[in-house]
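Trainee: Here it is: the structure, laid out below.
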Amino acid sequence: MSIAIEWAEVEPGCIVVATSDRIWLHTPVFNGQPDPFALPMDAPGSVETTRQLLDGAIGAAGRRKPSQAPSPAPQQTPPAGAMSLTPARWAWRLAGYYQTTHATPRLMAAAAERFAAAGRDALAAWARDKVRDEAGHDRLALRDLDALGYDAARLVDALVPPTAAALVRYFEARVLEDDDPIGCVGYAYALERLALERGVRDIAAVEAILPPGVVATRCLRVHSAAGSDAAHVDEAVRLVAQLTAGERTRVARACYETAIIYCTPPANGFITEEALVQRLSALENGAESRRENR
């Protein structure tokens, strides 16, 4: 009985192998014996195995040893659970949400044009759908920041979390610099799949540290298991499963590289609460006028 299987080398010496019910990492063995996984994948895709392949690539990034992880930019936003969440840290995360959501319509529109010009109609339609689906999500982050008492427009100009900036740079490179913009599919899949790790408990945890009556979880609700990302993930899997083996390999590699940026520990340590509060205080609504009246 044949077994449906997919694999992709996500970085030299690290191959993700996936069946419909199993994922594992494979290291090529050069002992004179044939190693089929050392060859480029030529297997057809399916919804089950492609989902496993992409999720396995994301998981491989999370299991990478810290000493292996590249540092595309100093990360100052701790991952969920890395330290206590405070209103100031939530504002910092919202600033990161703004950067990634603000970039999506512009870059996906560019990707749609490139796919369409190459006659890749399914990918062009997917990218155009992303433009429509993600439109206005940056304004949700701005509304949340405004609810926290900040001048939201000034804040997102003044404070750009390095991890968010690195993600946007990666996204731009895949769309605007690569010969084939297919990597943007892996980028989008990775971020939406990672968003599904946040659920109603995470939303409640944020609401618990906010001042009474403050609603500042609009952006999180949309980009979590409580929002539309689950449907987007399913749509992406169905699309990718129909691509060529080479395209699926590049999508899996982009999933891995995006997750590496997302998961990379901070090179220089997290910004301290004191420093963060100090930076944010100048961006409160009316902060300048209050200083002038002292």
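Ordering of the structure tokens sets the chain letters (A, B, ...), residue numbers begin anew at 1 in every chain, and ligands are numbered from 1 in the order given.
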Which neighbours of Ser228 (chain A) fall inside 12 Å, counting only C-alpha atoms, when residues of the same chain fewer than 2 positions from it are skipped, and could you give them as a VMD selection string?
Mentor: chain A and resid 130 133 to 134 137 192 to 193 195 to 196 199 219 to 226 230 to 235
Trainee: With N, CA and C atoms retained, could you export that selection as a short mmCIF file (atom, residue, chain, number, x, y, z; two decimals), in the first residue's frame?
Mentor:
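Generated file (again06.cif):
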data_model
loop_
_atom_site.label_atom_id
_atom_site.label_comp_id
_atom_site.auth_asym_id
_atom_site.auth_seq_id
_atom_site.Cartn_x
_atom_site.Cartn_y
_atom_site.Cartn_z
N LYS A 130 -6.60 38.20 -0.23
CA LYS A 130 -5.90 38.66 0.96
C LYS A 130 -5.97 40.18 1.09
N ASP A 133 -9.48 40.82 2.36
CA ASP A 133 -9.74 40.30 3.69
C ASP A 133 -8.98 41.08 4.77
N GLU A 134 -7.77 41.54 4.43
CA GLU A 134 -6.94 42.19 5.44
C GLU A 134 -7.09 43.71 5.46
N HIS A 137 -7.43 46.10 8.84
CA HIS A 137 -6.99 45.48 10.09
C HIS A 137 -5.97 46.34 10.82
N GLU A 192 -0.66 33.38 10.05
CA GLU A 192 -2.04 33.04 10.38
C GLU A 192 -2.12 31.74 11.16
N ARG A 193 -1.26 30.81 10.85
CA ARG A 193 -1.24 29.55 11.62
C ARG A 193 -0.78 29.80 13.04
N ALA A 195 -1.17 32.55 14.63
CA ALA A 195 -2.25 33.30 15.29
C ALA A 195 -3.28 32.37 15.90
N LEU A 196 -3.44 31.18 15.31
CA LEU A 196 -4.43 30.24 15.83
C LEU A 196 -4.03 29.68 17.19
N GLY A 199 -6.18 32.06 21.68
CA GLY A 199 -7.61 31.81 21.73
C GLY A 199 -8.31 32.70 22.74
N CYS A 219 -7.96 43.96 17.48
CA CYS A 219 -7.02 43.36 16.54
C CYS A 219 -6.70 41.92 16.92
N LEU A 220 -6.55 41.66 18.20
CA LEU A 220 -6.26 40.30 18.66
C LEU A 220 -7.42 39.36 18.34
N ARG A 221 -8.65 39.82 18.54
CA ARG A 221 -9.79 38.96 18.29
C ARG A 221 -9.83 38.51 16.83
N VAL A 222 -9.50 39.41 15.92
CA VAL A 222 -9.51 39.06 14.50
C VAL A 222 -8.36 38.12 14.17
N HIS A 223 -7.19 38.36 14.80
CA HIS A 223 -6.01 37.55 14.50
C HIS A 223 -5.78 36.53 15.62
N SER A 224 -6.74 35.64 15.75
CA SER A 224 -6.68 34.59 16.76
C SER A 224 -7.62 33.48 16.33
N ALA A 225 -7.69 32.43 17.15
CA ALA A 225 -8.61 31.34 16.85
C ALA A 225 -10.06 31.80 16.91
N ALA A 226 -10.31 32.95 17.54
CA ALA A 226 -11.67 33.47 17.62
C ALA A 226 -12.06 34.25 16.38
N ALA A 230 -8.59 30.91 11.01
CA ALA A 230 -8.75 29.47 10.80
C ALA A 230 -9.24 29.19 9.38
N ALA A 231 -10.20 29.98 8.92
CA ALA A 231 -10.70 29.80 7.55
C ALA A 231 -9.61 30.13 6.54
N HIS A 232 -8.82 31.16 6.83
CA HIS A 232 -7.74 31.54 5.92
C HIS A 232 -6.68 30.44 5.82
N VAL A 233 -6.39 29.81 6.95
CA VAL A 233 -5.42 28.71 6.95
C VAL A 233 -5.93 27.56 6.10
N ASP A 234 -7.19 27.21 6.23
CA ASP A 234 -7.76 26.12 5.44
C ASP A 234 -7.72 26.45 3.95
N GLU A 235 -8.04 27.69 3.61
CA GLU A 235 -8.00 28.11 2.20
C GLU A 235 -6.59 28.00 1.64
#
Trainee: List as number ranges by chain the protein and nucleic acid residues near region 88-94 of chain A, meaning an atom at most 10 Å away when only C-alpha atoms are counted, but skip any in the same chain fewer than 5 places from it.
Mentor: A: 76-79, 83, 99, 138, 140-146, 148-150, 152, 155-156, 159-161, 164, 206, 209-210, 216-217, 219-220, 271-274, 276-281
Trainee: Kindly give the distance, in Å, that separates CA of Thr101 (chain A) and CA of Arg64 (chain A), rounded to a single decimal.
Mentor: 26.5 Å
Trainee: Report, in Å with one decimal, the straight-line distance from CA of Ala188 (chain A) to CA of Ala205 (chain A).
Mentor: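 Between CA of Ala188 (chain A) and CA of Ala205 (chain A) the gap is 25.6 Å.
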Trainee: Check the smallest atom-to-atom distance from each of A:Ala158, A:Leu54, A:Cys184, A:Ala153 to Phe115 (chain A) using only C-alpha atoms, then report the winner.
Mentor: A:Cys184
Trainee: Pick from A:Val240, A:Ala109, A:Leu283, A:Ala117: nearest to Thr50 (chain A), with only C-alpha atoms counted?
Mentor: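 With only C-alpha atoms as the atom set, the closest residue is A:Val240.
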Trainee: Determine which residues of region 9-251 of chain A receive a DSSP assignment of helix (DSSP H, G or I), computed from the backbone, and state them as a tab-separated table (two decimals) with C-alpha atoms, in the first residue's frame.
Mentor:
chain	number	residue	atom	x	y	z
A	36	PRO	CA	15.20	9.74	-1.24
A	37	PHE	CA	14.56	12.71	1.02
A	38	ALA	CA	17.86	14.26	-0.04
A	47	VAL	CA	-4.79	18.67	1.72
A	48	GLU	CA	-3.74	16.31	4.53
A	49	THR	CA	-0.05	15.97	3.74
A	50	THR	CA	0.43	19.59	2.68
A	51	ARG	CA	-1.08	20.83	5.94
A	52	GLN	CA	1.31	18.57	7.83
A	53	LEU	CA	4.27	19.75	5.77
A	54	LEU	CA	3.59	23.45	6.36
A	55	ASP	CA	2.82	22.97	10.06
A	56	GLY	CA	5.92	20.81	10.39
A	57	ALA	CA	8.05	23.58	8.89
A	58	ILE	CA	6.66	26.04	11.44
A	59	GLY	CA	7.21	23.57	14.26
A	60	ALA	CA	10.80	22.95	13.14
A	61	ALA	CA	11.52	26.66	13.53
A	62	GLY	CA	10.15	26.63	17.07
A	87	PRO	CA	-0.79	47.58	29.53
A	88	ALA	CA	2.50	49.03	28.29
A	89	ARG	CA	3.62	45.72	26.82
A	90	TRP	CA	0.24	45.26	25.20
A	91	ALA	CA	0.62	48.67	23.55
A	92	TRP	CA	4.02	47.56	22.26
A	93	ARG	CA	2.53	44.41	20.79
A	94	LEU	CA	-0.26	46.41	19.17
A	95	ALA	CA	2.39	48.58	17.53
A	96	GLY	CA	3.81	45.37	16.06
A	97	TYR	CA	0.37	44.23	14.90
A	98	TYR	CA	-0.02	47.56	13.13
A	99	GLN	CA	3.22	47.15	11.19
A	100	THR	CA	2.44	43.68	9.87
A	101	THR	CA	-1.24	44.34	9.11
A	102	HIS	CA	-0.49	47.70	7.48
A	103	ALA	CA	1.97	46.09	5.05
A	104	THR	CA	-0.32	43.27	3.92
A	105	PRO	CA	-2.72	45.01	1.48
A	106	ARG	CA	0.10	46.84	-0.31
A	107	LEU	CA	2.36	43.83	-0.70
A	108	MET	CA	-0.36	41.33	-1.51
A	109	ALA	CA	-1.61	43.67	-4.25
A	110	ALA	CA	1.90	43.66	-5.72
A	111	ALA	CA	2.04	39.86	-5.45
A	112	ALA	CA	-1.33	39.55	-7.20
A	113	GLU	CA	-0.04	41.61	-10.11
A	114	ARG	CA	3.07	39.46	-10.45
A	115	PHE	CA	1.11	36.21	-10.27
A	116	ALA	CA	-1.42	37.46	-12.82
A	117	ALA	CA	1.33	38.59	-15.20
A	121	ASP	CA	-4.51	32.69	-11.89
A	122	ALA	CA	-5.20	30.72	-8.69
A	123	LEU	CA	-2.35	32.43	-6.85
A	124	ALA	CA	-3.38	35.84	-8.18
A	125	ALA	CA	-6.95	35.28	-6.97
A	126	TRP	CA	-5.68	34.19	-3.55
A	127	ALA	CA	-3.51	37.31	-3.22
A	128	ARG	CA	-6.39	39.59	-4.27
A	129	ASP	CA	-8.58	37.91	-1.64
A	130	LYS	CA	-5.90	38.66	0.96
A	131	VAL	CA	-5.97	42.34	-0.01
A	132	ARG	CA	-9.71	42.42	0.53
A	133	ASP	CA	-9.74	40.30	3.69
A	134	GLU	CA	-6.94	42.19	5.44
A	137	HIS	CA	-6.99	45.48	10.09
A	138	ASP	CA	-4.29	48.06	10.76
A	139	ARG	CA	-7.05	50.44	11.84
A	140	LEU	CA	-8.13	47.90	14.46
A	141	ALA	CA	-4.68	48.19	16.05
A	142	LEU	CA	-4.93	51.98	15.91
A	143	ARG	CA	-8.35	51.90	17.59
A	144	ASP	CA	-6.96	49.66	20.32
A	145	LEU	CA	-4.04	52.01	20.92
A	146	ASP	CA	-6.39	54.98	21.00
A	147	ALA	CA	-8.52	53.14	23.59
A	152	ALA	CA	-2.10	56.07	17.93
A	153	ALA	CA	-0.81	57.62	14.71
A	154	ARG	CA	2.21	59.12	16.45
A	155	LEU	CA	2.88	55.94	18.39
A	156	VAL	CA	3.11	53.64	15.37
A	157	ASP	CA	5.41	56.13	13.65
A	158	ALA	CA	7.66	56.47	16.68
A	162	PRO	CA	12.07	45.17	15.65
A	163	THR	CA	10.51	41.75	15.17
A	164	ALA	CA	7.56	43.25	13.32
A	165	ALA	CA	9.97	45.29	11.20
A	166	ALA	CA	11.96	42.14	10.37
A	167	LEU	CA	8.78	40.31	9.36
A	168	VAL	CA	7.76	43.14	7.05
A	169	ARG	CA	11.23	43.25	5.49
A	170	TYR	CA	11.04	39.51	4.85
A	171	PHE	CA	7.57	39.90	3.31
A	172	GLU	CA	8.80	42.73	1.07
A	173	ALA	CA	11.78	40.70	-0.10
A	174	ARG	CA	9.65	37.73	-1.06
A	175	VAL	CA	7.18	39.87	-3.03
A	176	LEU	CA	9.43	42.52	-4.55
A	177	GLU	CA	12.89	40.95	-4.83
A	183	GLY	CA	7.29	32.87	-0.65
A	184	CYS	CA	4.56	35.34	0.34
A	185	VAL	CA	2.17	32.38	0.57
A	186	GLY	CA	4.38	30.74	3.19
A	187	TYR	CA	4.79	34.03	5.06
A	188	ALA	CA	1.03	34.57	5.26
A	189	TYR	CA	0.34	30.96	6.18
A	190	ALA	CA	2.91	30.98	8.99
A	191	LEU	CA	1.58	34.14	10.63
A	192	GLU	CA	-2.04	33.04	10.38
A	193	ARG	CA	-1.24	29.55	11.62
A	194	LEU	CA	0.69	30.97	14.56
A	195	ALA	CA	-2.25	33.30	15.29
A	200	VAL	CA	-10.31	33.09	24.07
A	201	ARG	CA	-8.08	32.58	27.11
A	202	ASP	CA	-5.44	34.84	25.62
A	203	ILE	CA	-8.03	37.50	24.88
A	204	ALA	CA	-9.32	37.23	28.45
A	205	ALA	CA	-5.76	37.52	29.80
A	206	VAL	CA	-5.28	40.80	27.94
A	207	GLU	CA	-8.64	42.14	29.06
A	208	ALA	CA	-7.76	41.29	32.67
A	209	ILE	CA	-4.77	43.68	32.73
A	218	ARG	CA	-10.13	44.26	18.51
A	219	CYS	CA	-7.02	43.36	16.54
A	220	LEU	CA	-6.26	40.30	18.66
A	221	ARG	CA	-9.79	38.96	18.29
A	222	VAL	CA	-9.51	39.06	14.50
A	229	ASP	CA	-7.59	33.09	10.51
A	230	ALA	CA	-8.75	29.47	10.80
A	231	ALA	CA	-10.70	29.80	7.55
A	232	HIS	CA	-7.74	31.54	5.92
A	233	VAL	CA	-5.42	28.71	6.95
A	234	ASP	CA	-7.76	26.12	5.44
A	235	GLU	CA	-8.00	28.11	2.20
A	236	ALA	CA	-4.22	28.39	1.97
A	237	VAL	CA	-3.73	24.65	2.48
A	238	ARG	CA	-6.16	23.84	-0.32
A	239	LEU	CA	-4.34	26.27	-2.60
A	240	VAL	CA	-0.84	25.05	-1.79
A	241	ALA	CA	-1.82	21.38	-2.13
A	245	ALA	CA	6.28	20.06	-5.82
A	246	GLY	CA	8.84	22.81	-6.29
A	247	GLU	CA	6.35	25.51	-5.35
A	248	ARG	CA	5.23	23.62	-2.26
A	249	THR	CA	8.86	23.27	-1.22
A	250	ARG	CA	9.39	27.03	-1.49
A	251	VAL	CA	6.19	27.70	0.46
